[in-house]
Structure formats: C-alpha cells, structure tokens
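Following: one structure in structure tokens, then a few remarks.
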Amino acid sequence: MAYIDYYKTLGIPKTATEKEIKDAYRKLARKYHPDLNPDNKEAESKFKEINEANEVLSNPENRKKYDKYGENWKHGEEFEKAQKQRQQQSQYSGQGGFSGQQGFSGEDYSDFFESMFGAGGRRTSGRSHSPKFKGQDYHAELHLDLKDVYTTQKQVLTVNDKKIRLTIPAGVENEQLIKIKGNGGEGYNGGPNGDLYIKFIISNQTYFKREGNNLYKDVDLDLYTSILGGEILVDTFDGKVKLKVQPETKNHTKVKLKGKGFPVYKKEGEFGDLILTYQVKIPTNLSAKEKELFQELKKLRHHD
Amino acid sequence: MIEAHFISAKTICTQYGIEISFVHELVEFGLITLEFQEEEAFIHQDQIGDLEKILRLQQDLNLNLEAIDVIFNLLRKEKALKEELAILRNRLKLYE
C-alpha cells in the first residue's frame, strides 16, 4: 500500500487554507466530475482521488492526523489510541467519526485511506450524498465476432450475479449501445430499478469488410477469365455462389450481389449487399511457349 | 397505466428532500417534464436519472440551473458526436 500525497492530488501547498483547499477541489471536480465525463474511466478514477483528498484535507481532524502520520500511516492506530485516551481523560462525549455516507461506497476509497481513517473517516463534505431513489445503471461490454451477429441469437448474461436473458438481433453494429430497462441495480425505497447498458464490441476475423449492412470483399480473377469471361465460385457470408464473369472485365471492377450482405438490424429477412472487387492476377513464371504466345498476341494488337 | 411508469412528484420531493417549487423550476428550464392526472403531478421514471444528475451537479459543483441546462445540451451534442465518430470509425475499417 503506497502513501498518497493528498496535497499533490489537489495541487496545493501544505500550508493551504481551508478556502484554498475548497477552491482547488471545486476546480478539479468541475473537470473530472463523472456526470460531465460519461464513460470516461480515467476521469472517474481521478474524481475518486480528488474526492478522497478533499475528504481528508477539508476535515480539520483528518488533516491533522494525515499531516502528522500520513507518511508513516502504519502508526495511525497508535494515534487513534492516544486520541481515545485524551477523550476519556477529558470526559469529552463528542461523536467519534462521522455519520455514514450514502451513495459512495467504501470501494471508492483507497486502501491507504481506509487504513488511516477507516469508515469513520468518510463524511459528506465533498461529493454530494443526495438520497438515492433510482437504482444504479450498469454498463457492460459484450464482445462478439462478426459471425455471431449474422444471425439473431439468445444469450444468458450474468451481471452482478443476476442472470439476464438477452436476444441479440442480427445485424447489430460495432460499438452499438442498447439499453435494457430495469436490469440495473435495485431501486431504493420503492424507486425504479436502474438500467443495464450493453455496448457491443464486434471483432471481425473474416475476409469480409463491413460498412453498415453492406459487405465488401476482394476476389482474385485470373487473367484469362478476366479477358475471355467465364464462371467463378465466390464465397459469400452464408455459402458459395456461382458468378458469371463478363469478357474483358477490367481490374478493380466492382460487382454488387444484391441481398448477399449483412442482415439489417431488427428487420427480419432484409439484407444489405455484397460488393465484390475483382483483382486480376497476372500470371508469373511464364514458360517459353507462353511468352511466345504473348509476343504473338502483342504483335496482333500492334497490327490493329 | 400512469402508475406503472410515472412517479408522483410528491414522492419524488419527499425522497430527495426537495421542494415542489424546485421541481416546477426544473420544468420551467425545460430540464424535466411533468404529467398531470386529476391535478396531481407525475414524473416519468426515465427522467429520474436526469433529476439525480441535476441534484448531483448542483450539490457537488455548486452550479445553477442555467449552467446545468448548458451542460445537458453539451452532453447531448457530445453523445451525438460520439455516435457519429463510431460510425466513421467503422467505415474507416474498410480502408485499413
């Protein structure tokens, strides 16, 4: 467990006044507040750090303890004992610690903080502790392959020990966010449950490239078929199709196969297109005979 | 039906320790909307998240309602831009 320099966290000197601490905290909170930085884990963790620093430094008793024992936090317990003794001696019946916090769990504090101040060190100064009513919203990521989202599928997810049956419609997009109402944390005092937000992260291990509902693929075409035309067998996402190649097909010619693309999200039976780009392959390692024939072709072309 | 998705404004006020006048102020700012049934005001449960966010911003950052309104508008714009960015990023994969 490492020592945390709370003054450094707030960017203030050790001699800072209460007002300077408050101002520094507010300035940083405006920058890193989670409500102003949705889906930003870095800002969230930074906010926790500055909140913790503020919890300690804006509380005179905690600050005193931190200034005295901070770097030697292991001696914090001895300090506590000495404090208790002093309180007993003076028969002071003050309240030890502070009332429990709401909406800001112990997990939000570092081990260093917990070790020095324990649960009693937390109070309600920094982050607001407005009573909660709606349950917490959960955010989860679901990693799938492009192949998985070609068809509608049912999955059972376990979120916070709760099993959730989920139907993933075919054609879901990479980074698409869906909201599952009421599947977040339980509401408080009869309040509504939070929602579950699932972000789909779709990786693509196939030879197809996807843009929306359309799929794209390069297809190699030998020189002779490109010149003379013919039939080729092409892979689509759900099987092979036979394709007629027109004579004198140029390199990079695009062919659209209607309805052979990706399923349209939430529109059953509708598909995008598959766009093929021909890549004409020039033969290599020609034999003497082949070279001779090509020379002949060349001559014929020059005579035209 | 109103009971299933709407929560009485009175319950909300008790729960969050706020005055009904504050709720009306939020309505005036266009930050939340109220539904009325037999003269009783209700808030749709989908707006509870926004209400909690407003309270947090007010208490944590000492912001007034004008500032919160500006923030909500900017967050909406940010969300739209993020969605556009995701679409463009997916399109960019075509050329990678």
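Every chain in the structure tokens takes a letter, A first, then B, and so on in the order presented; its residues are numbered from 1, and the ligands are numbered from 1 following the presented order.
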Produce a table with one row for each residue of chain B that has an atom at most 10 Å from any atom of chain A, each row naming the nearest atom pair and its distance in Å at one decimal; use only C-alpha atoms; arrange rows by chain and rising residue number; format as a tab-separated table.
residue	atom	partner	partner_atom	distance
B:Ala4	CA	A:Pro192	CA	10.0
B:His5	CA	A:Pro192	CA	8.8
B:Phe6	CA	A:Pro192	CA	9.8
B:Ile7	CA	A:Gly191	CA	8.6
B:Thr11	CA	A:Gly191	CA	9.6
B:Ile12	CA	A:Phe133	CA	8.4
B:Gln15	CA	A:Phe133	CA	6.9
B:Tyr16	CA	A:Pro131	CA	5.7
B:Gly17	CA	A:Pro131	CA	8.1
B:Gln45	CA	A:Pro192	CA	6.8
B:Asp46	CA	A:Pro192	CA	9.0
B:Gln47	CA	A:Lys134	CA	10.0
B:Ile48	CA	A:Lys134	CA	6.6
B:Gly49	CA	A:Lys134	CA	7.0
B:Leu51	CA	A:Lys134	CA	10.0
B:Glu52	CA	A:Lys132	CA	7.7
B:Lys53	CA	A:Asp35	CA	6.8
B:Ile54	CA	A:Asp35	CA	9.3
B:Leu55	CA	A:Ser130	CA	7.3
B:Arg56	CA	A:Ser128	CA	6.1
B:Leu57	CA	A:Asp35	CA	7.5
B:Gln58	CA	A:Ser128	CA	8.9
B:Gln59	CA	A:Ser128	CA	5.7
B:Asp60	CA	A:Ser128	CA	5.3
B:Leu61	CA	A:Arg30	CA	6.3
B:Asn62	CA	A:Arg26	CA	8.6
B:Leu63	CA	A:Arg30	CA	9.6
B:Ile71	CA	A:Leu36	CA	7.6
B:Phe72	CA	A:Leu36	CA	9.0
B:Leu74	CA	A:Leu36	CA	9.4
B:Leu75	CA	A:Leu36	CA	7.5
B:Glu78	CA	A:Pro38	CA	9.7
B:Lys79	CA	A:Pro38	CA	9.2
B:Glu83	CA	A:Gln176	CA	8.5
B:Ala86	CA	A:Glu175	CA	6.6
B:Ile87	CA	A:Gly212	CA	8.4
B:Leu88	CA	A:Glu211	CA	9.5
B:Arg89	CA	A:Asn174	CA	9.6
B:Asn90	CA	A:Glu211	CA	6.7
B:Arg91	CA	A:Glu211	CA	5.6
B:Leu92	CA	A:Glu211	CA	8.9
B:Lys93	CA	A:Lys209	CA	7.4
B:Leu94	CA	A:Lys209	CA	5.8
B:Tyr95	CA	A:Lys209	CA	9.1
B:Glu96	CA	A:Lys209	CA	9.6
Worksheet entry | Residue set, chain B restricted to strand (DSSP E), as an MDAnalysis selection string | chainID B and resid 6:8 35:37 40:44
Worksheet item: Within 10 Å of Lys147 (chain A), counting only C-alpha atoms, which residues qualify if same-chain residues fewer than 2 places away don't, as a PyMOL selection string?
Response: chain A and resi 144-145+149-151+170+202-206+237-238
Residues from last step as file, N, CA and C atoms, as a short mmCIF file (atom, residue, chain, number, x, y, z; two decimals), in the first residue's frame:
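Final output, selection-v2.cif:
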data_model
loop_
_atom_site.label_atom_id
_atom_site.label_comp_id
_atom_site.auth_asym_id
_atom_site.auth_seq_id
_atom_site.Cartn_x
_atom_site.Cartn_y
_atom_site.Cartn_z
N LEU A 144 -18.23 -9.81 -29.30
CA LEU A 144 -18.72 -10.84 -30.22
C LEU A 144 -17.93 -10.77 -31.52
N ASP A 145 -18.05 -11.87 -32.28
CA ASP A 145 -17.42 -11.87 -33.59
C ASP A 145 -18.48 -11.53 -34.64
N VAL A 149 -23.03 -12.22 -35.03
CA VAL A 149 -24.17 -11.30 -35.17
C VAL A 149 -24.79 -11.36 -36.57
N TYR A 150 -24.42 -12.40 -37.32
CA TYR A 150 -25.05 -12.59 -38.64
C TYR A 150 -26.47 -13.14 -38.45
N THR A 151 -26.66 -13.87 -37.36
CA THR A 151 -28.00 -14.38 -37.07
C THR A 151 -28.43 -13.89 -35.68
N ALA A 170 -29.90 -9.90 -35.12
CA ALA A 170 -28.87 -9.97 -36.17
C ALA A 170 -28.63 -8.56 -36.70
N ILE A 202 -17.65 -5.62 -31.67
CA ILE A 202 -17.67 -6.71 -32.65
C ILE A 202 -16.36 -6.76 -33.42
N SER A 203 -15.67 -7.85 -33.22
CA SER A 203 -14.40 -8.01 -33.95
C SER A 203 -14.69 -8.75 -35.25
N ASN A 204 -13.79 -8.57 -36.18
CA ASN A 204 -14.02 -9.18 -37.49
C ASN A 204 -12.83 -10.04 -37.89
N GLN A 205 -13.01 -11.36 -37.84
CA GLN A 205 -11.94 -12.29 -38.21
C GLN A 205 -12.19 -12.87 -39.60
N THR A 206 -13.13 -12.30 -40.31
CA THR A 206 -13.47 -12.85 -41.62
C THR A 206 -12.73 -12.10 -42.74
N PHE A 237 -21.17 -14.62 -47.32
CA PHE A 237 -21.14 -14.85 -45.87
C PHE A 237 -21.83 -16.15 -45.48
N ASP A 238 -22.81 -16.56 -46.29
CA ASP A 238 -23.53 -17.78 -45.90
C ASP A 238 -23.43 -18.89 -46.94
#
Worksheet item: What is the distance between CA of Lys244 (chain A) and CA of Ile282 (chain A), in Å to one decimal?
Response: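 Interatomic distance, CA of Lys244 (chain A) to CA of Ile282 (chain A): 19.9 Å.
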Worksheet entry | Point-to-point distance in Å for CA of Ala53 (chain A) and CA of Tyr109 (chain A) | 9.9 Å
